[in-house]
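Q: Once you've had a glance at the structure underneath, I'll fire off some questions.
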Amino acid sequence: MPRPFLFALPLLACITSLQAAEPLKVLIVDGQNNHKWEITTPVLKHALESSGAFQVRVTTTPPKGAPADAWNAWQPKFADYAAVVSNYNGEPWPAPVRADFQAYVHSGGGFVSVHAANNSFPEWKEYNQMIGVGGWGGRNEVSGPWLYVKDGKLFRNTSAGSGGAHGPQHEFVVEIQNPEHPITRGLPARWLHCKDELYSRLRGPAENIEILATAKSDLTAENEPNLMVIQHGKGRVFHTTLGHADYSMLDRGFYETLQRGTEWAATGAVTRTAEVPADFPTAEKTSPVLLEGHPKQAPPAAKPAR
């Protein structure tokens, strides 16, 4: 007689395959930002969900100046998610929420810091360790070195100076510094990014950090980090400085690196989002993404030549 367990093996393999294909649960945090989070969060959500790899939920903090009761009621369950994406730059989170987030990342949770999220929480030691480097908020040489890449080597400039700067928004070329990392593997060595702020002079503890991509700053003439990964305890952090506005995020390069970075932060690998899209930008041409029905934020007008 045939053995029953032999018939169960294909069924078990099918169930395992279906489980592996289930979307990764991701939480986006917004609610305060010096950028228009109400416009950019829907783009972040679309960027992730359009890949088919993620199921996204958004948690919105109380507004600036909200009473303590409102903050006490905001209790996101980070542990329910494979990765947390921050589109937040505002008031400090309540101590219990900070403690939960620290424990979540340190014990293996994935974290993605998008653009101005690296301006947040200058006094929160563990957060600055998570993001590696950040800007503004009083950051300076005491916060840590200014990181940049020259001739393929990482420099840690410890001279005095404020942390965080950028010039006028413009298109700029992103240059891959580590083509072997799962997030950047297979991408063009150089690609033109849509109009955005090019962050420079970022400072921080810069522990367990790896620079994946840079762009040459119009302010410093140095190759400033755009894409970074940081190991924090057992947790993985993907840090992108790109994405000032919706028109900066509606860019195939931004979409692809956010998808890959989020998957890597969540799992330590890039398999579901590894295929390079045919419309990925080249070194000479950007590749805008059309999001139908989205209320577009108008980019700033170009300044007249002097």
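Residue numbering restarts at 1 in every chain; chains get A, B, ... in the order shown in the structure tokens, and ligands count up from 1 in that same order.
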Give me the stretch 177-232 of chain A side of the contact with stretch 267-278 of chain A, cut-off 7 Å, one line per residue showing its nearest atom pair and distance in Å at one decimal, counting only C-alpha atoms, sorted by chain and residue number, as JSON lines.
A:
{"residue": "A:Pro182", "atom": "CA", "partner": "A:Val270", "partner_atom": "CA", "distance": 5.7}
{"residue": "A:Ile183", "atom": "CA", "partner": "A:Val270", "partner_atom": "CA", "distance": 6.6}
{"residue": "A:Gly186", "atom": "CA", "partner": "A:Val276", "partner_atom": "CA", "distance": 7.0}
{"residue": "A:Leu187", "atom": "CA", "partner": "A:Val276", "partner_atom": "CA", "distance": 6.8}
Q: Quick check for you: according to DSSP on this backbone, which residues of stretch 3-105 of chain A are classed as alpha helix (DSSP H)? Reply as a PyMOL selection string.
A: chain A and resi 4-21+37-49+68-73+95-105
Q: Taking a cut-off of 8 Å and counting only C-alpha atoms, can you build a table that, for each residue of stretch 183-229 of chain A near stretch 130-151 of chain A, reports the nearest atom pair and how far apart they are in Å (one decimal), sorted by chain then residue number, as a Markdown table?
A:
| residue | atom | partner | partner_atom | distance |
| --- | --- | --- | --- | --- |
| A:Arg201 | CA | A:Trp146 | CA | 5.5 |
| A:Leu202 | CA | A:Gly134 | CA | 5.1 |
| A:Arg203 | CA | A:Trp146 | CA | 4.6 |
| A:Gly204 | CA | A:Val133 | CA | 4.0 |
| A:Pro205 | CA | A:Gly144 | CA | 4.8 |
| A:Ala206 | CA | A:Gly132 | CA | 4.2 |
| A:Glu207 | CA | A:Gly132 | CA | 6.2 |
| A:Asn208 | CA | A:Gly132 | CA | 7.9 |
| A:Ile209 | CA | A:Gly132 | CA | 6.4 |
| A:Thr214 | CA | A:Val149 | CA | 7.6 |
| A:Glu222 | CA | A:Tyr148 | CA | 6.4 |
| A:Asn223 | CA | A:Val149 | CA | 5.2 |
| A:Glu224 | CA | A:Tyr148 | CA | 4.9 |
| A:Pro225 | CA | A:Tyr148 | CA | 6.3 |
Q: Please produce a file of the residues just selected, as a JSON list (two decimals), in the first residue's frame, where the atoms kept are N, CA and C atoms.
A:
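Now in selection.json:
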[["chain", "number", "residue", "atom", "x", "y", "z"],
["A", 201, "ARG", "N", 26.88, 66.85, 4.28],
["A", 201, "ARG", "CA", 27.43, 67.11, 5.62],
["A", 201, "ARG", "C", 26.63, 66.42, 6.73],
["A", 202, "LEU", "N", 26.16, 65.23, 6.46],
["A", 202, "LEU", "CA", 25.45, 64.47, 7.48],
["A", 202, "LEU", "C", 26.44, 63.95, 8.52],
["A", 203, "ARG", "N", 26.03, 64.00, 9.78],
["A", 203, "ARG", "CA", 26.91, 63.59, 10.88],
["A", 203, "ARG", "C", 26.19, 62.63, 11.82],
["A", 204, "GLY", "N", 26.96, 61.78, 12.47],
["A", 204, "GLY", "CA", 26.37, 60.86, 13.43],
["A", 204, "GLY", "C", 27.38, 59.85, 13.90],
["A", 205, "PRO", "N", 26.96, 58.91, 14.74],
["A", 205, "PRO", "CA", 27.89, 57.92, 15.27],
["A", 205, "PRO", "C", 28.52, 57.05, 14.20],
["A", 206, "ALA", "N", 27.77, 56.80, 13.10],
["A", 206, "ALA", "CA", 28.30, 56.08, 11.93],
["A", 206, "ALA", "C", 28.93, 54.74, 12.31],
["A", 207, "GLU", "N", 28.22, 53.99, 13.16],
["A", 207, "GLU", "CA", 28.70, 52.68, 13.58],
["A", 207, "GLU", "C", 28.06, 51.60, 12.70],
["A", 208, "ASN", "N", 28.84, 50.59, 12.35],
["A", 208, "ASN", "CA", 28.33, 49.45, 11.58],
["A", 208, "ASN", "C", 27.58, 49.90, 10.33],
["A", 209, "ILE", "N", 28.16, 50.88, 9.64],
["A", 209, "ILE", "CA", 27.51, 51.49, 8.48],
["A", 209, "ILE", "C", 28.23, 51.12, 7.20],
["A", 214, "THR", "N", 26.15, 57.12, -3.65],
["A", 214, "THR", "CA", 26.44, 58.51, -3.34],
["A", 214, "THR", "C", 26.05, 59.40, -4.51],
["A", 222, "GLU", "N", 31.86, 66.85, -2.69],
["A", 222, "GLU", "CA", 32.19, 65.50, -2.24],
["A", 222, "GLU", "C", 31.04, 64.55, -2.61],
["A", 223, "ASN", "N", 31.37, 63.27, -2.67],
["A", 223, "ASN", "CA", 30.36, 62.25, -2.92],
["A", 223, "ASN", "C", 29.65, 61.92, -1.61],
["A", 224, "GLU", "N", 28.48, 62.52, -1.45],
["A", 224, "GLU", "CA", 27.71, 62.40, -0.21],
["A", 224, "GLU", "C", 26.82, 61.15, -0.27],
["A", 225, "PRO", "N", 26.66, 60.46, 0.86],
["A", 225, "PRO", "CA", 25.87, 59.22, 0.86],
["A", 225, "PRO", "C", 24.39, 59.46, 0.61]]
Q: Give me the residues within 12 Å of A:Ala53 as a ChimeraX atom specification, counting only C-alpha atoms and dropping any in the same chain fewer than 2 places off.
A: /A:20-26,45-51,55-56,82,256,258-260,262-264,266-267,270-274
Q: Give me the residues within 7 Å of stretch 98-104 of chain A as a PyMOL selection string, counting only C-alpha atoms and dropping any in the same chain fewer than 5 places off.
A: chain A and resi 78-79+93+109
Q: Would you list, as an MDAnalysis selection string, the residues of stretch 45-294 of chain A that end up in strand (DSSP E or B) under DSSP run on this structure's backbone?
A: chainID A and resid 54:60 83:86 110:114 134 140 146:150 153:157 162 165 170:176 190:196 200 203 209:216 223:232 235:240 251 288
Q: Pick out the closest residue to A:Val289 from this set: A:Ala116, A:Val43, A:Pro63, A:Gly90. Count only C-alpha atoms.
A: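 Residue with the minimum atom-to-atom distance to A:Val289: A:Val43.
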Q: Quick check, in Å to one decimal: how far apart do atom CA of A:Lys296 and atom CA of A:Val173 lie?
A: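 Going from atom CA of A:Lys296 over to atom CA of A:Val173 covers 23.4 Å.
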Q: Compare A:Ser248, A:Asn89, A:Asn128, A:Thr257 by their minimum atom-to-atom distance to A:Gln32, counting only C-alpha atoms, and give me the closest one.
A: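 Counting only C-alpha atoms, the residue closest to A:Gln32 is A:Asn89.
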Q: Report the distance between atom CA of A:His193 and atom CA of A:Gly31 in Å, rounded to one decimal place.
A: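 Between these atoms lies a distance of 26.5 Å.
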Q: Given the choices A:Lys125, A:Lys36, A:Arg252, A:Lys216, which gets closest to A:Leu198 if the distance is worked out from only C-alpha atoms?
A: A:Lys216
Q: Counting only C-alpha atoms, figure out which residue out of A:Ala213, A:Ile176, A:Val105, A:Ala160 gets nearest to A:Gly235.
A: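 Of A:Ala213, A:Ile176, A:Val105, A:Ala160, the one nearest A:Gly235, counting only C-alpha atoms, is A:Val105.
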